[in-house]
Amino acid sequence: MNTTVEKTGRTWKKPPFIANPAIRWALIIGIAAYVWWALTSLPFDWDRIQQGIPRAIRIFKGAFPPSFLRGELLFDGFMESIKIAIVATLLGLALSVPIAFASASNVAPKWLYTIGRGVIIVARSFHPVIVAILFVKAVGFGPLAGILTLTIYSIGFVAKMLAERIEEIDWGQVEAIKSVGGGTFVTMLYAVIPQIMPRQIGLSIYQLDSNLRASAIVGIVGAGGIGSTLLNAFGRYDYDFALAITLCIIGVILVSEAISGRIRRNLW
Amino acid sequence: MLRIKELVKRYGNDKAVLKNLNLEVPGESVVSIIGASGAGKSTLLRCINRLVEPSSGSIELNGTELTSLEGKALRLARRRIGMVFQGFNLIDRLTVMENVQSGRLGYLPAWRAMTRKYPQEDIDRAFHLMERVGIAHYANKRADELSGGERQRVGVVRALMQEPEILLADEPTASLDPKTSKQIMELLRALASELHLPVLINIHNVNEAKEYTQRIVGMRFGRIIFDGEPVDLNNDAMDEIYAGVPAEERGGAESSTHLREVAAK
């Protein structure tokens, strides 16, 4: 097939992402100017960076090969982290369920809904590390600060997700239990809980896994567990031991993610 | 005896869905309510057990005024009114027995409901009723494993567990195939006479209404415009109730050319 196409003299270009050229150029120049300003105004100390490079090399040299000599300390740290994660998860779940009911607009009265949502917003607004710093100040170093931190972290996530699930329930089942004369508590028990149960179990497993990861991080600011062990190892220049701890944390998290992922896949 | 007087239901500021509706259901009669979608049939039933709040008027069941009840008094009144739903509204993830026992939730202390420690008397009654409708062998099955007809039987047994003084059925057969639908209607009629229970059935299928009930109430635009025996429901009455509704949607109404002409207008 041989067709000749008539020349039209017309060209085509993809329309720009931002149609208004003034806004487009103002945005490009504005971002470039900000980046330049930020880089020049931040206090980069080039001498210090130069000195730091050999120090970093020394740390990495010191870290290899990783040392598992103090395996007992490593093991104890992990056991404490796991305890913190499990206790915090259970505590968090126990508090999350009532808060979730309070925060679901279809089952909670307006005033309770406002309170419930407020609790969730507060629980979610700070990163666990910041919460951990506050609790370490309040109750001192150690696992209690870690447990309290992760409990709040659990509420922020589980209560929010569970409240959203409650808002999606089939209302017909609630009507059925109301129509037989069931009270509010019994209606929640029979018409709502069975509907949200699979999600609740999935969220619990996810949160346990998530708390295990977070417990390593909050330990670094003094809230107990393997994070504290890691911090001490750094403090004593035991870089080989620190690397051993880091490798173990990665290993444990991989395993726990794999397990929780598999359970949740089979659940939903 | 159910006595409804001057019942009005208005959603927000819209036009009233029920307009000064009056209805009496004495003793043990089985009454079917027919009418096009939007006529207010479902709203009427839901006003009786207060799943919908009436705007004004009076509903009296065996001497109790229902429209003014609050809190515990409302729950006690609801125990006396059984309801069967179009979508069954069973608790899908619970067993058939738990669904059946949920009919007793108005009578049961919360801790017994929570721990599933049902009184032996209730378990006996449940098996008796389940035996009667043919679902006793499903007691330990999850409700969502059952077929539509079986699930509606669970729904009926749940309502009967309440030992109700009246049974409301909101389109109980609309989600079922024709054969199952007939079985459920037959069951409702039989149970009504065995248990001396007045039954109010919202229904789309006019043939089933005629076949299984002694009295038919026709609704249109929130009012009752027909109330009589099945033999009185002639073409003129049908036209009045269903004017403007295509014949296919009348669910087995006589599809004479006359009706089609009316429908086409």
# chains A, B, ... in the order shown; residues from 1 in each chain; ligands from 1
call {"tool": "residues_around", "arguments": {"residues": "Pro230 of chain B", "least_positions_apart": "4", "cutoff": "8 Å", "atoms": "only C-alpha atoms", "output": "PyMOL selection string"}}
result
chain B and resi 209-211+213-216
call {"tool": "interface_residues", "arguments": {"of": "chain A", "to": "chain B", "cutoff": "12 Å", "atoms": "only C-alpha atoms", "output": "ChimeraX atom specification"}}
result
/A:169-198
call {"tool": "write_last_selection", "arguments": {"atoms": "N, CA and C atoms", "output": "CSV table (one decimal), in the first residue's frame"}}
result
chain,number,residue,atom,x,y,z
A,169,ILE,N,-20.5,-0.9,57.2
A,169,ILE,CA,-21.2,-2.1,57.4
A,169,ILE,C,-22.6,-2.1,56.7
A,170,ASP,N,-23.1,-3.3,56.5
A,170,ASP,CA,-24.4,-3.5,56.0
A,170,ASP,C,-25.4,-3.2,57.1
A,171,TRP,N,-26.2,-2.1,56.9
A,171,TRP,CA,-27.0,-1.5,57.9
A,171,TRP,C,-28.3,-2.4,58.2
A,172,GLY,N,-28.6,-3.2,57.2
A,172,GLY,CA,-29.8,-4.1,57.3
A,172,GLY,C,-29.7,-5.0,58.5
A,173,GLN,N,-28.4,-5.5,58.8
A,173,GLN,CA,-28.3,-6.4,60.0
A,173,GLN,C,-28.5,-5.7,61.3
A,174,VAL,N,-28.1,-4.4,61.3
A,174,VAL,CA,-28.3,-3.6,62.5
A,174,VAL,C,-29.9,-3.4,62.7
A,175,GLU,N,-30.5,-3.1,61.6
A,175,GLU,CA,-32.0,-2.9,61.6
A,175,GLU,C,-32.7,-4.2,62.2
A,176,ALA,N,-32.2,-5.3,61.7
A,176,ALA,CA,-32.8,-6.6,62.1
A,176,ALA,C,-32.7,-6.7,63.6
A,177,ILE,N,-31.5,-6.5,64.2
A,177,ILE,CA,-31.3,-6.6,65.6
A,177,ILE,C,-32.1,-5.6,66.4
A,178,LYS,N,-32.2,-4.3,65.9
A,178,LYS,CA,-33.0,-3.3,66.5
A,178,LYS,C,-34.5,-3.8,66.5
A,179,SER,N,-34.9,-4.4,65.4
A,179,SER,CA,-36.3,-4.7,65.3
A,179,SER,C,-36.8,-5.8,66.3
A,180,VAL,N,-35.8,-6.6,66.8
A,180,VAL,CA,-36.2,-7.6,67.7
A,180,VAL,C,-36.2,-7.0,69.2
A,181,GLY,N,-35.8,-5.8,69.3
A,181,GLY,CA,-35.8,-5.1,70.6
A,181,GLY,C,-34.4,-5.2,71.3
A,182,GLY,N,-33.3,-5.4,70.5
A,182,GLY,CA,-32.0,-5.5,71.1
A,182,GLY,C,-31.6,-4.1,71.6
A,183,GLY,N,-30.9,-4.0,72.7
A,183,GLY,CA,-30.3,-2.7,73.1
A,183,GLY,C,-29.1,-2.3,72.3
A,184,THR,N,-28.5,-1.1,72.6
A,184,THR,CA,-27.4,-0.6,71.8
A,184,THR,C,-26.2,-1.6,71.9
A,185,PHE,N,-25.9,-2.0,73.1
A,185,PHE,CA,-24.7,-2.9,73.3
A,185,PHE,C,-24.9,-4.2,72.6
A,186,VAL,N,-26.0,-4.8,72.8
A,186,VAL,CA,-26.3,-6.1,72.1
A,186,VAL,C,-26.3,-6.0,70.6
A,187,THR,N,-26.8,-4.8,70.1
A,187,THR,CA,-26.9,-4.6,68.7
A,187,THR,C,-25.5,-4.5,68.1
A,188,MET,N,-24.6,-3.8,68.8
A,188,MET,CA,-23.2,-3.8,68.4
A,188,MET,C,-22.6,-5.2,68.4
A,189,LEU,N,-22.9,-5.9,69.4
A,189,LEU,CA,-22.3,-7.3,69.6
A,189,LEU,C,-22.7,-8.2,68.5
A,190,TYR,N,-24.0,-8.2,68.1
A,190,TYR,CA,-24.5,-9.1,67.2
A,190,TYR,C,-24.5,-8.6,65.7
A,191,ALA,N,-24.8,-7.3,65.5
A,191,ALA,CA,-24.9,-6.9,64.2
A,191,ALA,C,-23.7,-6.2,63.6
A,192,VAL,N,-22.8,-5.7,64.5
A,192,VAL,CA,-21.6,-5.0,64.0
A,192,VAL,C,-20.3,-5.8,64.1
A,193,ILE,N,-20.1,-6.4,65.3
A,193,ILE,CA,-18.8,-7.1,65.5
A,193,ILE,C,-18.6,-8.2,64.5
A,194,PRO,N,-19.6,-9.1,64.3
A,194,PRO,CA,-19.3,-10.1,63.3
A,194,PRO,C,-18.9,-9.6,61.9
A,195,GLN,N,-19.5,-8.4,61.5
A,195,GLN,CA,-19.1,-7.9,60.2
A,195,GLN,C,-17.7,-7.3,60.2
A,196,ILE,N,-17.2,-6.8,61.3
A,196,ILE,CA,-15.9,-6.2,61.2
A,196,ILE,C,-14.8,-7.1,61.7
A,197,MET,N,-15.1,-8.3,62.1
A,197,MET,CA,-14.2,-9.2,62.7
A,197,MET,C,-13.0,-9.5,61.8
A,198,PRO,N,-13.2,-9.9,60.5
A,198,PRO,CA,-12.1,-10.2,59.7
A,198,PRO,C,-11.1,-9.0,59.6
call {"tool": "select_by_dssp", "arguments": {"residues": "segment 65-101 of chain B", "states": "strand (DSSP E or B)", "output": "list in words"}}
result
Glu65, Ile81, Gly82, Met83, Val84 and Thr95 of chain B
call {"tool": "residues_around", "arguments": {"residues": "segment 178-193 of chain B", "least_positions_apart": "5", "cutoff": "10 Å", "atoms": "only C-alpha atoms", "output": "list of chain:residue names"}}
result
B:Glu28, B:Ser29, B:Val30, B:Arg132, B:Val133, B:Gly148, B:Gly149, B:Glu150, B:Gln152, B:Arg153, B:Val156, B:Leu160, B:Ile166, B:Leu167, B:Ala169, B:Pro172, B:Thr173, B:Pro198, B:Val199, B:Ile201, B:Asn205, B:Glu208, B:Ala209, B:Glu211, B:Tyr212, B:Thr213, B:Gln214
call {"tool": "write_last_selection", "arguments": {"atoms": "N, CA, C and O atoms", "output": "compact mmCIF listing (two decimals), in the first residue's frame"}}
result
# COMPACT_ATOMS: atom_id res chain seq x y z
N GLU B 28 -56.44 -12.31 63.77
CA GLU B 28 -55.44 -13.17 63.18
C GLU B 28 -55.38 -13.05 61.67
O GLU B 28 -55.02 -13.98 60.98
N SER B 29 -55.75 -11.92 61.12
CA SER B 29 -55.84 -11.87 59.67
C SER B 29 -54.47 -11.72 59.01
O SER B 29 -53.54 -11.17 59.60
N VAL B 30 -54.38 -12.27 57.80
CA VAL B 30 -53.18 -12.08 56.99
C VAL B 30 -53.51 -11.05 55.93
O VAL B 30 -54.40 -11.25 55.12
N ARG B 132 -39.95 -27.18 62.20
CA ARG B 132 -41.22 -26.86 61.53
C ARG B 132 -41.00 -26.31 60.12
O ARG B 132 -41.75 -26.63 59.21
N VAL B 133 -39.95 -25.45 59.94
CA VAL B 133 -39.73 -24.88 58.62
C VAL B 133 -38.64 -25.62 57.84
O VAL B 133 -38.31 -25.23 56.72
N GLY B 148 -31.16 -18.73 49.23
CA GLY B 148 -32.09 -17.65 49.53
C GLY B 148 -33.32 -18.11 50.30
O GLY B 148 -33.68 -17.52 51.33
N GLY B 149 -33.94 -19.17 49.84
CA GLY B 149 -35.16 -19.65 50.50
C GLY B 149 -34.88 -20.10 51.93
O GLY B 149 -35.66 -19.81 52.85
N GLU B 150 -33.74 -20.78 52.10
CA GLU B 150 -33.37 -21.24 53.45
C GLU B 150 -33.09 -20.05 54.36
O GLU B 150 -33.47 -20.05 55.54
N GLN B 152 -34.37 -17.08 54.15
CA GLN B 152 -35.60 -16.41 54.55
C GLN B 152 -36.33 -17.23 55.62
O GLN B 152 -36.98 -16.66 56.49
N ARG B 153 -36.18 -18.55 55.58
CA ARG B 153 -36.77 -19.36 56.65
C ARG B 153 -36.11 -19.03 57.99
O ARG B 153 -36.79 -18.97 59.02
N VAL B 156 -37.63 -15.91 59.15
CA VAL B 156 -38.97 -16.11 59.71
C VAL B 156 -38.87 -16.69 61.11
O VAL B 156 -39.54 -16.23 62.05
N LEU B 160 -40.16 -15.30 64.72
CA LEU B 160 -41.09 -16.06 65.56
C LEU B 160 -40.54 -16.33 66.95
O LEU B 160 -41.29 -16.48 67.91
N ILE B 166 -47.53 -9.61 66.40
CA ILE B 166 -47.82 -9.34 64.99
C ILE B 166 -46.54 -9.56 64.21
O ILE B 166 -45.44 -9.40 64.74
N LEU B 167 -46.69 -9.98 62.95
CA LEU B 167 -45.52 -10.20 62.11
C LEU B 167 -45.59 -9.25 60.92
O LEU B 167 -46.60 -9.20 60.22
N ALA B 169 -43.86 -8.33 57.30
CA ALA B 169 -42.98 -8.91 56.29
C ALA B 169 -42.83 -7.90 55.16
O ALA B 169 -43.80 -7.60 54.47
N PRO B 172 -41.04 -10.07 51.55
CA PRO B 172 -40.26 -11.24 51.99
C PRO B 172 -39.85 -12.15 50.84
O PRO B 172 -38.94 -12.94 51.00
N THR B 173 -40.50 -12.03 49.68
CA THR B 173 -40.20 -12.96 48.59
C THR B 173 -39.55 -12.28 47.40
O THR B 173 -39.28 -12.92 46.40
N PRO B 198 -51.45 -12.27 63.57
CA PRO B 198 -51.74 -11.39 62.44
C PRO B 198 -50.46 -11.10 61.67
O PRO B 198 -49.41 -10.90 62.27
N VAL B 199 -50.54 -11.08 60.33
CA VAL B 199 -49.36 -10.86 59.50
C VAL B 199 -49.67 -9.76 58.49
O VAL B 199 -50.72 -9.75 57.87
N ILE B 201 -48.09 -8.19 55.11
CA ILE B 201 -47.06 -8.49 54.12
C ILE B 201 -47.05 -7.44 53.02
O ILE B 201 -48.04 -7.27 52.31
N ASN B 205 -45.93 -9.03 44.12
CA ASN B 205 -46.58 -10.01 43.27
C ASN B 205 -48.07 -10.11 43.61
O ASN B 205 -48.46 -10.71 44.61
N GLU B 208 -49.66 -13.62 44.04
CA GLU B 208 -49.37 -14.23 45.34
C GLU B 208 -50.22 -13.59 46.43
O GLU B 208 -50.74 -14.27 47.32
N ALA B 209 -50.38 -12.29 46.35
CA ALA B 209 -51.22 -11.60 47.33
C ALA B 209 -52.62 -12.17 47.31
O ALA B 209 -53.22 -12.47 48.34
N GLU B 211 -53.55 -15.10 46.20
CA GLU B 211 -53.61 -16.52 46.52
C GLU B 211 -53.44 -16.79 48.02
O GLU B 211 -54.09 -17.66 48.57
N TYR B 212 -52.57 -16.01 48.67
CA TYR B 212 -52.19 -16.40 50.02
C TYR B 212 -52.79 -15.54 51.13
O TYR B 212 -52.54 -15.79 52.30
N THR B 213 -53.48 -14.49 50.79
CA THR B 213 -54.00 -13.64 51.87
C THR B 213 -55.50 -13.44 51.74
O THR B 213 -56.06 -13.55 50.66
N GLN B 214 -56.12 -13.13 52.88
CA GLN B 214 -57.57 -12.98 52.91
C GLN B 214 -57.98 -11.55 52.65
O GLN B 214 -59.14 -11.27 52.39
call {"tool": "closest_residue", "arguments": {"among": "B:Val25, B:Ala39, B:Leu2, B:Met238", "to": "Gly222 of chain B", "atoms": "only C-alpha atoms"}}
result
B:Ala39
call {"tool": "residues_around", "arguments": {"residues": "Val218 of chain A", "least_positions_apart": "3", "cutoff": "8 Å", "atoms": "only C-alpha atoms", "output": "list in words"}}
result
Pro128, Val129, Ala132, Gly146, Ala214, Ser215, Val221, Gly222, Ala223, Gly224 and Gly227 of chain A
call {"tool": "residues_around", "arguments": {"residues": "segment 228-241 of chain A", "least_positions_apart": "3", "cutoff": "6 Å", "atoms": "only C-alpha atoms", "output": "PyMOL selection string"}}
result
chain A and resi 62-64+66-67+219-220+222+224-225+244
call {"tool": "write_last_selection", "arguments": {"atoms": "all heavy atoms", "output": "tab-separated table (two decimals), in the first residue's frame"}}
result
chain	number	residue	atom	x	y	z
A	62	GLY	N	35.58	-0.89	61.27
A	62	GLY	CA	35.40	-1.47	62.60
A	62	GLY	C	34.20	-2.40	62.65
A	62	GLY	O	34.13	-3.31	63.46
A	63	ALA	N	33.24	-2.15	61.75
A	63	ALA	CA	32.01	-2.93	61.79
A	63	ALA	C	32.19	-4.30	61.14
A	63	ALA	O	31.44	-5.23	61.42
A	63	ALA	CB	30.89	-2.17	61.09
A	64	PHE	N	33.18	-4.41	60.25
A	64	PHE	CA	33.37	-5.69	59.58
A	64	PHE	C	34.49	-6.48	60.23
A	64	PHE	O	35.53	-5.93	60.55
A	64	PHE	CB	33.68	-5.47	58.10
A	64	PHE	CG	32.43	-5.20	57.32
A	64	PHE	CD1	32.09	-3.90	56.97
A	64	PHE	CD2	31.58	-6.25	56.96
A	64	PHE	CE1	30.95	-3.64	56.26
A	64	PHE	CE2	30.43	-5.99	56.25
A	64	PHE	CZ	30.10	-4.68	55.90
A	66	PRO	N	30.86	-8.38	61.30
A	66	PRO	CA	29.96	-8.21	62.43
A	66	PRO	C	30.28	-9.21	63.53
A	66	PRO	O	30.66	-10.34	63.25
A	66	PRO	CB	28.57	-8.47	61.83
A	66	PRO	CG	28.81	-9.20	60.56
A	66	PRO	CD	30.14	-8.74	60.06
A	67	SER	N	30.13	-8.78	64.77
A	67	SER	CA	30.49	-9.65	65.88
A	67	SER	C	29.25	-10.13	66.62
A	67	SER	O	28.46	-9.33	67.10
A	67	SER	CB	31.41	-8.90	66.84
A	67	SER	OG	31.25	-9.41	68.14
A	219	GLY	N	13.42	2.45	70.74
A	219	GLY	CA	14.47	2.07	71.68
A	219	GLY	C	15.65	3.01	71.59
A	219	GLY	O	16.34	3.26	72.60
A	220	ILE	N	15.90	3.55	70.41
A	220	ILE	CA	17.07	4.42	70.21
A	220	ILE	C	16.97	5.70	71.04
A	220	ILE	O	17.97	6.25	71.47
A	220	ILE	CB	17.25	4.72	68.70
A	220	ILE	CG1	17.64	3.41	68.00
A	220	ILE	CG2	18.31	5.78	68.46
A	220	ILE	CD1	17.70	3.50	66.51
A	222	GLY	N	15.63	5.68	73.94
A	222	GLY	CA	15.66	5.30	75.34
A	222	GLY	C	14.46	4.52	75.82
A	222	GLY	O	14.28	4.32	77.02
A	224	GLY	N	13.72	1.40	75.64
A	224	GLY	CA	13.90	-0.02	75.88
A	224	GLY	C	14.01	-0.85	74.61
A	224	GLY	O	13.86	-0.36	73.50
A	225	GLY	N	14.33	-2.15	74.79
A	225	GLY	CA	14.35	-3.07	73.66
A	225	GLY	C	15.66	-3.05	72.89
A	225	GLY	O	16.67	-2.50	73.34
A	244	ALA	N	26.03	-6.29	63.82
A	244	ALA	CA	25.34	-7.57	64.08
A	244	ALA	C	23.89	-7.32	64.47
A	244	ALA	O	22.96	-8.00	63.99
A	244	ALA	CB	26.07	-8.32	65.19
